[in-house]
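Right, one structure below, let's go through it.
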Amino acid sequence: MLRLKNVSKKFENLQAVSSVDLTVSERETKVLVGPSGCGKSTLIRLAIGIIEPDEGEIYFKGELVAHENLLEIRRKIGYVIQEGGLFPHLTAVQNIKLVAEYLEWSSNKITARIKELAELTHFPKDALERFPLQLSGGQRQRVSLMRALMLDPEVLLLDEPLGALDPMIKADLQEELRTIFRTLGKAVVLVTHDINEAEFFADELLLMKDGKILQQGSIRELLKNPVDDFVEKFINAQRVRASN
Amino acid sequence: MLLIRRLLLGLVIAANFCFPQWSMGGESQNEIKIGSKKFTESVILGEMAYHLINKKGVTAVHKAELGGTQILFKSLVQGELDIYPEYTGTIVQEIFSGELFRNEEEVRDKLESMGILMSKPIGFNNSYIIGMKKEAAKKFGIDKISDLKNYPELKFGFSNEFMDRGDGWPSLQRKYNLPQRDVRGIDHDIGYRGLENGSIDVIDLYSTDAEIDYYDLKSLIDDLNHFPEYQAVFLYRSDFAMRNPESVKSLLRLEGMISESDMVKLNADVKLAGKSEGEVASKFLERKLNVKTEFYQMTIFEKLIRNTYDHLFLVVISLSAAIIIAIPLGIFAYKTAKFGQLLLGTIGVIQTIPSLALIVFMIPLLGIGAKPAIAALFLYSLLPIVRNTYSGLKDIPLQLSESAEALGLPSRVKMIKIELPLASRSILSGIKTAAVINVGTATLGAIIGAGGYGQPILTGIRLDDTGLILQGAIPAALLAFGVQWLFEMLEPIFVSKGLRLGE
């Protein structure tokens, strides 16, 4: 569905991503995990085309992503970031329907789709007319997810979607989010620094460090055959804390 | 600079389109435009010309208090004016400074080559005089200009024009070898007050000034014959004279009719007795030439309405144009980083030009009146709006601009639906700043004949009439407050509630 082939990106002197390959298929959830600054956010921003790679190519359903088809492809990818990235001047519902309105969907179609999404994400209907500042952190994240899902995209990219939430709400939302991924069967790439969250969402993890994918596989594999000390340390550090 | 020139041109074209009545072509061909300088005597002579010419079938306008010699003469040459009163000494020493004329004929020839005719002298000689308080002159024993040499500590305050004209301070200093160091340029009318309160000892005077007696001043004898004759005359365009022989005949009835004592009296009637120039001029014409003229004196209220209208005209047009141009410029600056800095820099430089200078710079391009004032105000209003549009867009948090980017909207839609609304508060506050600056700066428009609240301020300074100054200053201040209030009221309309919640 989405394939990053040998992509590299440099910011001034920092090699944020170097020669990474990443493929995500239908119904598959891939989780990018790693310490902050490892390049996982850069990688996901490359995937949606907010930043351009210095080297390498990105394919969406076999089609090379280029300037001409960039806008169209973005609309087929849902994107959710930490704290939601909602536009504060628009209400929840205005945020959600922004692109659909540009595409001139009928208002009936828009209303029906929003109703469907609100049910899917357990978002209270009466809060739809509120502005982002009037919503709780969890609600904002739900609105952001609805906005990403509005056009029924084939791929969903989530960059630390639950990073700013407090633990109780986070646990609830994790559960719901996994259910949604499974129900919708989309290709999902999720970025997190939290190894437990990574394990919760996906069978396969991609552990990144210094712009490279160090190791790829299930958590068990990573634990059993770590490619180096760092992998072992990174996984154990968080798991020990969690079990305490 | 090219960009700015194009913008200006566009603005003028647009303004002409919207307001044909003040475009060059649209102005009625028969309207005769009389100008006068910003001192009382010139205004009175302008009024006389107006009264003599404005009759049935002939419309005259008097653009009073248009600043100094350069502005008036250039306007005459360019056809912005048909007539204005001048002095022979000023023509030789100031207008054609550096050229040598052997006699009056040569001056006439030179003027004629520029399409300008000169009347015979009106009758009085209004020479420059160097003067000081009588008591001070007595105390020091000063009688002649050359006596000043012995008192280097005396403080001189000369009118701004006198400071650098051909026959002014530099040549006077050379001729008399004067040692004084403390020499300042000040407004002529303010000079008298400086003399009165002792901050200045010596000033330049006009020999017909009513204040000479009033302030008990001593005119120092020009013992080296530095100053030439300043015979009052009218300068007028030859093409105007060709088209309007009757009007010229009426105007020239003034030749030789006003003596020096007449003029002192007329000046005193306005400056000391507080009569209007129109009334004084009209009564004189009736007495001396037996010409009956009607003068209409506006009430304070009518003047206020008139000034408010003129002022708003300047502000509304220049500000609207600035908003229409500056917001796209701000967007452009944001989109193209390198050129954006250049653009912001250029507009910033315009802002550093003193407003008075900017307004006067516009005269060669746009003549006198509302047009150059609007162009200058437009340029002044650009910066706050461009800068705030630019910074409002630039300050959009990265996560929001990336979220907007990821939606897959074309950049135009993204700008309109997301970026501009997010920057709306900053843009609106830029417009508010521009509007307040604009209202204040527009008072300077009066200097080049644009009217507005600056007119009573200018007249008030000339007549030393605080009441008159306040008639301009108070409404200007109130208007600035009003404009500020208006934009605060507009905020809920232009700035989304979602952005105002955070307060």
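Chain labels follow the order of the structure tokens: the first chain is A, the next B, and so on; residue numbering restarts at 1 in every chain, and ligands are counted from 1 in their shown order.
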
Taking only residues of chain A that have an atom at most 10 Å from an atom of chain B, what is each one's shortest atom pair and its distance in Å to one decimal, using only C-alpha atoms, in chain and number order, as a Markdown table?
```
| residue | atom | partner | partner_atom | distance |
| --- | --- | --- | --- | --- |
| A:Arg45 | CA | B:Glu402 | CA | 8.8 |
| A:Ile48 | CA | B:Ala406 | CA | 6.6 |
| A:Gly49 | CA | B:Ala406 | CA | 7.6 |
| A:Ile50 | CA | B:Ala406 | CA | 6.5 |
| A:Ile51 | CA | B:Glu402 | CA | 9.4 |
| A:Leu70 | CA | B:Gly408 | CA | 7.5 |
| A:Leu71 | CA | B:Gly408 | CA | 4.4 |
| A:Glu72 | CA | B:Gly408 | CA | 6.5 |
| A:Ile73 | CA | B:Gly408 | CA | 7.6 |
| A:Arg74 | CA | B:Gly408 | CA | 4.9 |
| A:Arg75 | CA | B:Gly408 | CA | 5.2 |
| A:Lys76 | CA | B:Gly408 | CA | 8.8 |
| A:Ile77 | CA | B:Ala406 | CA | 8.4 |
| A:Gly78 | CA | B:Leu407 | CA | 7.9 |
| A:Tyr79 | CA | B:Ala406 | CA | 6.7 |
| A:Val80 | CA | B:Ser403 | CA | 7.9 |
| A:Ile81 | CA | B:Ser403 | CA | 7.8 |
| A:Gln82 | CA | B:Gln399 | CA | 8.6 |
| A:Glu83 | CA | B:Gln399 | CA | 9.0 |
| A:Gly84 | CA | B:Ser403 | CA | 8.6 |
| A:Gly85 | CA | B:Leu400 | CA | 5.3 |
| A:Leu86 | CA | B:Leu400 | CA | 7.0 |
| A:Phe87 | CA | B:Leu400 | CA | 6.7 |
| A:Pro88 | CA | B:Gly498 | CA | 5.5 |
| A:His89 | CA | B:Gly498 | CA | 4.5 |
| A:Leu90 | CA | B:Gly498 | CA | 6.4 |
| A:Thr91 | CA | B:Gly498 | CA | 7.2 |
| A:Asn95 | CA | B:Ile418 | CA | 9.8 |
| A:Leu98 | CA | B:Lys417 | CA | 8.3 |
| A:Val99 | CA | B:Leu409 | CA | 6.9 |
| A:Tyr102 | CA | B:Leu409 | CA | 7.9 |
| A:Leu103 | CA | B:Leu409 | CA | 9.4 |
| A:Arg130 | CA | B:Gly498 | CA | 8.4 |
| A:Phe131 | CA | B:Gly498 | CA | 5.3 |
| A:Pro132 | CA | B:Gly498 | CA | 7.3 |
| A:Leu133 | CA | B:Leu501 | CA | 6.9 |
| A:Gln134 | CA | B:Leu501 | CA | 8.1 |
| A:Ser144 | CA | B:Ser403 | CA | 9.8 |
| A:Arg147 | CA | B:Leu407 | CA | 9.0 |
| A:Ala148 | CA | B:Leu407 | CA | 8.2 |
```

For the selection just defined, write its residues with C-alpha atoms to a file, as a PDB file, in the first residue's frame.
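Saved result, part.pdb, follows:
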```pdb
ATOM      1  CA  ARG A  45       6.462  13.108   7.720  1.00  0.00           C
ATOM      2  CA  ILE A  48       2.886  11.847   3.942  1.00  0.00           C
ATOM      3  CA  GLY A  49       5.058  14.167   1.895  1.00  0.00           C
ATOM      4  CA  ILE A  50       5.230  17.133   4.294  1.00  0.00           C
ATOM      5  CA  ILE A  51       8.959  16.961   3.819  1.00  0.00           C
ATOM      6  CA  LEU A  70       0.921  14.779  -3.984  1.00  0.00           C
ATOM      7  CA  LEU A  71      -2.332  16.534  -3.005  1.00  0.00           C
ATOM      8  CA  GLU A  72      -4.460  13.654  -4.194  1.00  0.00           C
ATOM      9  CA  ILE A  73      -2.372  11.074  -2.401  1.00  0.00           C
ATOM     10  CA  ARG A  74      -2.415  13.077   0.831  1.00  0.00           C
ATOM     11  CA  ARG A  75      -6.192  12.918   0.775  1.00  0.00           C
ATOM     12  CA  LYS A  76      -5.946   9.141   0.662  1.00  0.00           C
ATOM     13  CA  ILE A  77      -3.793   9.136   3.786  1.00  0.00           C
ATOM     14  CA  GLY A  78      -5.076  10.088   7.219  1.00  0.00           C
ATOM     15  CA  TYR A  79      -2.619  11.862   9.502  1.00  0.00           C
ATOM     16  CA  VAL A  80      -2.865  12.336  13.254  1.00  0.00           C
ATOM     17  CA  ILE A  81      -0.260  14.025  15.432  1.00  0.00           C
ATOM     18  CA  GLN A  82       0.351  14.512  19.113  1.00  0.00           C
ATOM     19  CA  GLU A  83      -2.222  16.894  20.636  1.00  0.00           C
ATOM     20  CA  GLY A  84      -4.276  16.500  17.480  1.00  0.00           C
ATOM     21  CA  GLY A  85      -3.107  19.453  15.409  1.00  0.00           C
ATOM     22  CA  LEU A  86      -6.671  20.769  15.324  1.00  0.00           C
ATOM     23  CA  PHE A  87      -7.201  24.273  13.937  1.00  0.00           C
ATOM     24  CA  PRO A  88      -8.256  26.414  16.887  1.00  0.00           C
ATOM     25  CA  HIS A  89     -10.345  28.817  14.779  1.00  0.00           C
ATOM     26  CA  LEU A  90     -12.633  26.045  13.599  1.00  0.00           C
ATOM     27  CA  THR A  91     -15.122  23.988  15.627  1.00  0.00           C
ATOM     28  CA  ASN A  95     -12.164  20.705  11.399  1.00  0.00           C
ATOM     29  CA  LEU A  98     -12.779  20.893   5.934  1.00  0.00           C
ATOM     30  CA  VAL A  99     -11.514  18.782   3.055  1.00  0.00           C
ATOM     31  CA  TYR A 102     -13.532  21.553  -0.503  1.00  0.00           C
ATOM     32  CA  LEU A 103     -14.307  18.386  -2.475  1.00  0.00           C
ATOM     33  CA  ARG A 130     -17.250  23.185  20.282  1.00  0.00           C
ATOM     34  CA  PHE A 131     -13.916  24.759  19.533  1.00  0.00           C
ATOM     35  CA  PRO A 132     -10.747  22.747  20.237  1.00  0.00           C
ATOM     36  CA  LEU A 133      -9.976  24.872  23.303  1.00  0.00           C
ATOM     37  CA  GLN A 134     -13.327  23.821  24.757  1.00  0.00           C
ATOM     38  CA  SER A 144      -8.290  14.550  15.062  1.00  0.00           C
ATOM     39  CA  ARG A 147     -10.678  14.334  10.624  1.00  0.00           C
ATOM     40  CA  ALA A 148      -8.095  11.812   9.461  1.00  0.00           C
TER      41      ALA A 148
END
```

So how many Å separate atom CA of Arg306 of chain B and atom CA of Leu285 of chain B, to one decimal?
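Atom-to-atom, atom CA of Arg306 of chain B and atom CA of Leu285 of chain B are spaced 27.1 Å apart.
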
Residues within 12 Å of Val360 of chain B, please, as a PDB file with N, CA and C atoms, in the first residue's frame. Count only C-alpha atoms; anything in the same chain fewer than 6 positions from it doesn't count.
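around35.pdb was written with the following content:
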```pdb
ATOM      1  N   LEU B  66      -0.525  76.562   0.922  1.00  0.00           N
ATOM      2  CA  LEU B  66       0.081  75.394   0.288  1.00  0.00           C
ATOM      3  C   LEU B  66       1.565  75.211   0.594  1.00  0.00           C
ATOM      4  N   GLY B  67       2.069  75.744   1.646  1.00  0.00           N
ATOM      5  CA  GLY B  67       3.493  75.536   1.923  1.00  0.00           C
ATOM      6  C   GLY B  67       4.332  76.657   1.344  1.00  0.00           C
ATOM      7  N   GLY B  68       5.560  76.330   0.905  1.00  0.00           N
ATOM      8  CA  GLY B  68       6.526  77.368   0.526  1.00  0.00           C
ATOM      9  C   GLY B  68       6.655  77.598  -0.967  1.00  0.00           C
ATOM     10  N   GLN B  70       8.815  76.694  -3.276  1.00  0.00           N
ATOM     11  CA  GLN B  70       9.080  75.592  -4.201  1.00  0.00           C
ATOM     12  C   GLN B  70       7.810  74.856  -4.594  1.00  0.00           C
ATOM     13  N   ILE B  71       6.987  74.561  -3.593  1.00  0.00           N
ATOM     14  CA  ILE B  71       5.752  73.833  -3.870  1.00  0.00           C
ATOM     15  C   ILE B  71       4.855  74.648  -4.803  1.00  0.00           C
ATOM     16  N   LEU B  72       4.715  75.939  -4.495  1.00  0.00           N
ATOM     17  CA  LEU B  72       3.823  76.794  -5.285  1.00  0.00           C
ATOM     18  C   LEU B  72       4.324  76.945  -6.719  1.00  0.00           C
ATOM     19  N   LYS B  74       6.444  75.093  -8.477  1.00  0.00           N
ATOM     20  CA  LYS B  74       6.370  73.833  -9.234  1.00  0.00           C
ATOM     21  C   LYS B  74       4.935  73.536  -9.657  1.00  0.00           C
ATOM     22  N   SER B  75       4.003  73.772  -8.743  1.00  0.00           N
ATOM     23  CA  SER B  75       2.604  73.507  -9.064  1.00  0.00           C
ATOM     24  C   SER B  75       2.131  74.398 -10.206  1.00  0.00           C
ATOM     25  N   ILE B 353      11.240  57.383   6.052  1.00  0.00           N
ATOM     26  CA  ILE B 353      11.217  58.722   5.457  1.00  0.00           C
ATOM     27  C   ILE B 353      10.268  59.570   6.302  1.00  0.00           C
ATOM     28  N   PRO B 354      10.715  60.734   6.762  1.00  0.00           N
ATOM     29  CA  PRO B 354       9.810  61.559   7.563  1.00  0.00           C
ATOM     30  C   PRO B 354       8.521  61.835   6.782  1.00  0.00           C
ATOM     31  N   LEU B 366       2.535  63.589  -8.463  1.00  0.00           N
ATOM     32  CA  LEU B 366       1.076  63.636  -8.429  1.00  0.00           C
ATOM     33  C   LEU B 366       0.501  65.042  -8.232  1.00  0.00           C
ATOM     34  N   GLY B 367       1.351  66.051  -8.220  1.00  0.00           N
ATOM     35  CA  GLY B 367       0.832  67.405  -8.071  1.00  0.00           C
ATOM     36  C   GLY B 367       0.478  67.728  -6.633  1.00  0.00           C
ATOM     37  N   ILE B 368      -0.469  68.653  -6.454  1.00  0.00           N
ATOM     38  CA  ILE B 368      -0.882  68.998  -5.097  1.00  0.00           C
ATOM     39  C   ILE B 368      -2.322  68.559  -4.892  1.00  0.00           C
ATOM     40  N   GLY B 369      -2.751  68.609  -3.630  1.00  0.00           N
ATOM     41  CA  GLY B 369      -4.129  68.239  -3.327  1.00  0.00           C
ATOM     42  C   GLY B 369      -4.197  66.871  -2.674  1.00  0.00           C
ATOM     43  N   LYS B 371      -4.477  63.824  -3.945  1.00  0.00           N
ATOM     44  CA  LYS B 371      -3.813  62.659  -4.544  1.00  0.00           C
ATOM     45  C   LYS B 371      -2.442  62.355  -3.934  1.00  0.00           C
ATOM     46  N   PRO B 372      -1.528  63.344  -3.899  1.00  0.00           N
ATOM     47  CA  PRO B 372      -0.222  63.031  -3.312  1.00  0.00           C
ATOM     48  C   PRO B 372      -0.340  62.666  -1.840  1.00  0.00           C
ATOM     49  N   ALA B 373      -1.265  63.297  -1.141  1.00  0.00           N
ATOM     50  CA  ALA B 373      -1.431  62.982   0.284  1.00  0.00           C
ATOM     51  C   ALA B 373      -1.893  61.544   0.437  1.00  0.00           C
ATOM     52  N   ILE B 374      -2.824  61.132  -0.399  1.00  0.00           N
ATOM     53  CA  ILE B 374      -3.331  59.757  -0.316  1.00  0.00           C
ATOM     54  C   ILE B 374      -2.217  58.769  -0.641  1.00  0.00           C
ATOM     55  N   ALA B 375      -1.421  59.099  -1.660  1.00  0.00           N
ATOM     56  CA  ALA B 375      -0.327  58.192  -2.029  1.00  0.00           C
ATOM     57  C   ALA B 375       0.658  58.047  -0.870  1.00  0.00           C
ATOM     58  N   ALA B 376       0.998  59.159  -0.224  1.00  0.00           N
ATOM     59  CA  ALA B 376       1.948  59.098   0.892  1.00  0.00           C
ATOM     60  C   ALA B 376       1.351  58.319   2.067  1.00  0.00           C
ATOM     61  N   LEU B 377       0.093  58.580   2.367  1.00  0.00           N
ATOM     62  CA  LEU B 377      -0.555  57.877   3.479  1.00  0.00           C
ATOM     63  C   LEU B 377      -0.654  56.381   3.179  1.00  0.00           C
ATOM     64  N   LEU B 444      -1.012  66.243   8.076  1.00  0.00           N
ATOM     65  CA  LEU B 444       0.029  66.934   7.310  1.00  0.00           C
ATOM     66  C   LEU B 444      -0.419  67.218   5.882  1.00  0.00           C
ATOM     67  N   GLY B 445      -1.471  66.537   5.458  1.00  0.00           N
ATOM     68  CA  GLY B 445      -1.960  66.705   4.086  1.00  0.00           C
ATOM     69  C   GLY B 445      -2.316  68.144   3.768  1.00  0.00           C
ATOM     70  N   ALA B 446      -2.710  68.904   4.793  1.00  0.00           N
ATOM     71  CA  ALA B 446      -3.128  70.291   4.572  1.00  0.00           C
ATOM     72  C   ALA B 446      -2.007  71.121   3.939  1.00  0.00           C
ATOM     73  N   ILE B 447      -0.759  70.741   4.218  1.00  0.00           N
ATOM     74  CA  ILE B 447       0.375  71.502   3.694  1.00  0.00           C
ATOM     75  C   ILE B 447       0.404  71.488   2.176  1.00  0.00           C
ATOM     76  N   ILE B 448      -0.100  70.406   1.594  1.00  0.00           N
ATOM     77  CA  ILE B 448      -0.107  70.370   0.137  1.00  0.00           C
ATOM     78  C   ILE B 448      -1.525  70.462  -0.422  1.00  0.00           C
ATOM     79  N   GLY B 449      -2.397  71.074   0.360  1.00  0.00           N
ATOM     80  CA  GLY B 449      -3.714  71.404  -0.166  1.00  0.00           C
ATOM     81  C   GLY B 449      -4.721  70.282  -0.143  1.00  0.00           C
ATOM     82  N   ALA B 450      -4.496  69.283   0.714  1.00  0.00           N
ATOM     83  CA  ALA B 450      -5.444  68.173   0.767  1.00  0.00           C
ATOM     84  C   ALA B 450      -6.558  68.418   1.788  1.00  0.00           C
TER      85      ALA B 450
END
```

Between atom CA of Phe181 of chain A and atom CA of Leu205 of chain A, measure the distance and give it in Å to one decimal.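 Interatomic distance here is 16.1 Å.
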
Open item on the list: Run DSSP on the backbone and tell me which residues of segment 47-197 of chain A come out as helix (DSSP H, G or I); list them as a ChimeraX atom specification.
Closed with: /A:47-48,70-75,92-102,107-120,125-127,132-134,137-149,167-184,195-197

Using only C-alpha atoms, which residues sit within 8 Å of Ser8 of chain A once same-chain residues fewer than 4 positions away are excluded, as a PyMOL selection string? chain A and resi 15-20+53-56

Just the residues within 12 Å of Val31 of chain A, please, counting only C-alpha atoms, with nothing from its chain fewer than 2 positions along; format it as a PDB file with C-alpha atoms, in the first residue's frame.
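Generated file (result.pdb):
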```pdb
ATOM      1  CA  LEU A  22       9.509   0.662   4.998  1.00  0.00           C
ATOM      2  CA  THR A  23       6.482  -1.086   3.566  1.00  0.00           C
ATOM      3  CA  VAL A  24       3.014  -1.245   5.023  1.00  0.00           C
ATOM      4  CA  GLU A  28      -1.366  -4.248   8.683  1.00  0.00           C
ATOM      5  CA  THR A  29      -0.263  -2.102  11.613  1.00  0.00           C
ATOM      6  CA  VAL A  33       9.526   2.884  18.020  1.00  0.00           C
ATOM      7  CA  GLY A  34      12.702   4.464  19.287  1.00  0.00           C
ATOM      8  CA  LYS A  40      10.777   8.166  13.515  1.00  0.00           C
ATOM      9  CA  SER A  41       8.753  11.399  13.212  1.00  0.00           C
ATOM     10  CA  LEU A  43      10.126   9.160   8.598  1.00  0.00           C
ATOM     11  CA  ILE A  44       6.357   9.503   9.003  1.00  0.00           C
ATOM     12  CA  LEU A 156      -3.467   5.992   8.454  1.00  0.00           C
ATOM     13  CA  LEU A 157      -0.314   7.607   9.835  1.00  0.00           C
ATOM     14  CA  LEU A 158      -0.221   8.458  13.531  1.00  0.00           C
ATOM     15  CA  ASP A 159       2.652  10.335  15.138  1.00  0.00           C
ATOM     16  CA  GLU A 160       2.575   9.871  18.927  1.00  0.00           C
ATOM     17  CA  ALA A 187      -2.811   0.075   6.617  1.00  0.00           C
ATOM     18  CA  VAL A 188      -1.534   1.833   9.732  1.00  0.00           C
ATOM     19  CA  VAL A 189       1.830   3.266  10.689  1.00  0.00           C
ATOM     20  CA  LEU A 190       2.047   4.461  14.271  1.00  0.00           C
ATOM     21  CA  VAL A 191       4.966   6.233  15.858  1.00  0.00           C
ATOM     22  CA  THR A 192       5.619   5.993  19.575  1.00  0.00           C
ATOM     23  CA  HIS A 193       8.487   6.119  22.027  1.00  0.00           C
ATOM     24  CA  ASP A 194       6.643   3.777  24.349  1.00  0.00           C
ATOM     25  CA  ILE A 195       7.562   0.128  23.837  1.00  0.00           C
ATOM     26  CA  ASN A 196       4.484  -1.107  25.717  1.00  0.00           C
ATOM     27  CA  GLU A 197       2.219   0.914  23.491  1.00  0.00           C
ATOM     28  CA  ALA A 198       4.093  -0.437  20.477  1.00  0.00           C
ATOM     29  CA  GLU A 199       3.599  -4.008  21.647  1.00  0.00           C
ATOM     30  CA  PHE A 200      -0.068  -3.339  22.342  1.00  0.00           C
ATOM     31  CA  PHE A 201      -0.762  -2.127  18.807  1.00  0.00           C
ATOM     32  CA  ALA A 202       1.277  -4.355  16.574  1.00  0.00           C
ATOM     33  CA  ASP A 203       2.814  -7.685  16.063  1.00  0.00           C
ATOM     34  CA  GLU A 204       5.722  -6.180  14.266  1.00  0.00           C
ATOM     35  CA  LEU A 205       7.872  -3.362  15.606  1.00  0.00           C
ATOM     36  CA  LEU A 206      10.507  -1.354  13.828  1.00  0.00           C
ATOM     37  CA  LEU A 207      13.086  -0.088  16.271  1.00  0.00           C
ATOM     38  CA  MET A 208      14.864   3.037  15.097  1.00  0.00           C
ATOM     39  CA  ILE A 213      15.969   0.884  11.446  1.00  0.00           C
ATOM     40  CA  GLN A 215      15.763  -4.211  14.050  1.00  0.00           C
ATOM     41  CA  GLN A 216      12.374  -5.343  12.897  1.00  0.00           C
ATOM     42  CA  GLY A 217      10.174  -8.082  14.328  1.00  0.00           C
ATOM     43  CA  SER A 218       7.910  -9.068  17.201  1.00  0.00           C
ATOM     44  CA  ILE A 219       8.807  -8.033  20.685  1.00  0.00           C
TER      45      ILE A 219
END
```

>> What's around Gln180 of chain B at 12 Å? Count only C-alpha atoms, leave out sequence neighbours fewer than 3 positions away in its own chain, and write the answer as a VMD selection string.
In response: chain B and resid 148 to 157 169 to 170 172 to 174 176 to 177 183 to 184 201 to 202

Give me a file of those residues, with C-alpha atoms, as a short mmCIF file (atom, residue, chain, number, x, y, z; two decimals), in the first residue's frame.
```cif
data_model
loop_
_atom_site.label_atom_id
_atom_site.label_comp_id
_atom_site.auth_asym_id
_atom_site.auth_seq_id
_atom_site.Cartn_x
_atom_site.Cartn_y
_atom_site.Cartn_z
CA LEU B 148 25.34 92.40 15.25
CA LYS B 149 28.97 91.47 14.58
CA ASN B 150 29.93 92.64 18.05
CA TYR B 151 27.50 90.35 19.87
CA PRO B 152 28.34 86.73 18.93
CA GLU B 153 26.31 85.38 21.87
CA LEU B 154 22.98 86.49 20.39
CA LYS B 155 20.59 83.68 19.45
CA PHE B 156 19.15 83.77 15.93
CA GLY B 157 15.91 82.08 14.89
CA TRP B 169 21.08 83.34 6.17
CA PRO B 170 24.19 81.85 4.47
CA LEU B 172 23.67 87.35 4.89
CA GLN B 173 26.27 85.81 7.17
CA ARG B 174 28.91 86.10 4.44
CA TYR B 176 28.08 90.96 7.10
CA ASN B 177 30.62 88.45 8.37
CA VAL B 183 21.17 79.87 14.60
CA ARG B 184 18.02 77.82 14.34
CA ASP B 201 17.08 87.41 20.20
CA VAL B 202 17.03 88.04 16.47
#
```

Strand (DSSP E or B) per DSSP on the backbone: members of segment 167-237 of chain A, as a PDB file with C-alpha atoms, in the first residue's frame:
```pdb
ATOM      1  CA  ALA A 187      -2.811   0.075   6.617  1.00  0.00           C
ATOM      2  CA  VAL A 188      -1.534   1.833   9.732  1.00  0.00           C
ATOM      3  CA  VAL A 189       1.830   3.266  10.689  1.00  0.00           C
ATOM      4  CA  LEU A 190       2.047   4.461  14.271  1.00  0.00           C
ATOM      5  CA  VAL A 191       4.966   6.233  15.858  1.00  0.00           C
ATOM      6  CA  THR A 192       5.619   5.993  19.575  1.00  0.00           C
ATOM      7  CA  GLU A 204       5.722  -6.180  14.266  1.00  0.00           C
ATOM      8  CA  LEU A 205       7.872  -3.362  15.606  1.00  0.00           C
ATOM      9  CA  LEU A 206      10.507  -1.354  13.828  1.00  0.00           C
ATOM     10  CA  LEU A 207      13.086  -0.088  16.271  1.00  0.00           C
ATOM     11  CA  MET A 208      14.864   3.037  15.097  1.00  0.00           C
ATOM     12  CA  LYS A 209      18.051   4.719  16.217  1.00  0.00           C
ATOM     13  CA  LYS A 212      18.175   3.862  10.801  1.00  0.00           C
ATOM     14  CA  ILE A 213      15.969   0.884  11.446  1.00  0.00           C
ATOM     15  CA  LEU A 214      18.024  -1.251  13.806  1.00  0.00           C
ATOM     16  CA  GLN A 215      15.763  -4.211  14.050  1.00  0.00           C
ATOM     17  CA  GLN A 216      12.374  -5.343  12.897  1.00  0.00           C
ATOM     18  CA  GLY A 217      10.174  -8.082  14.328  1.00  0.00           C
TER      19      GLY A 217
END
```

Just to confirm, what's the straight-line distance from atom CA of Ser119 of chain B to atom CA of Tyr87 of chain B in Å (one decimal)?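 Between these atoms lies a distance of 10.7 Å.
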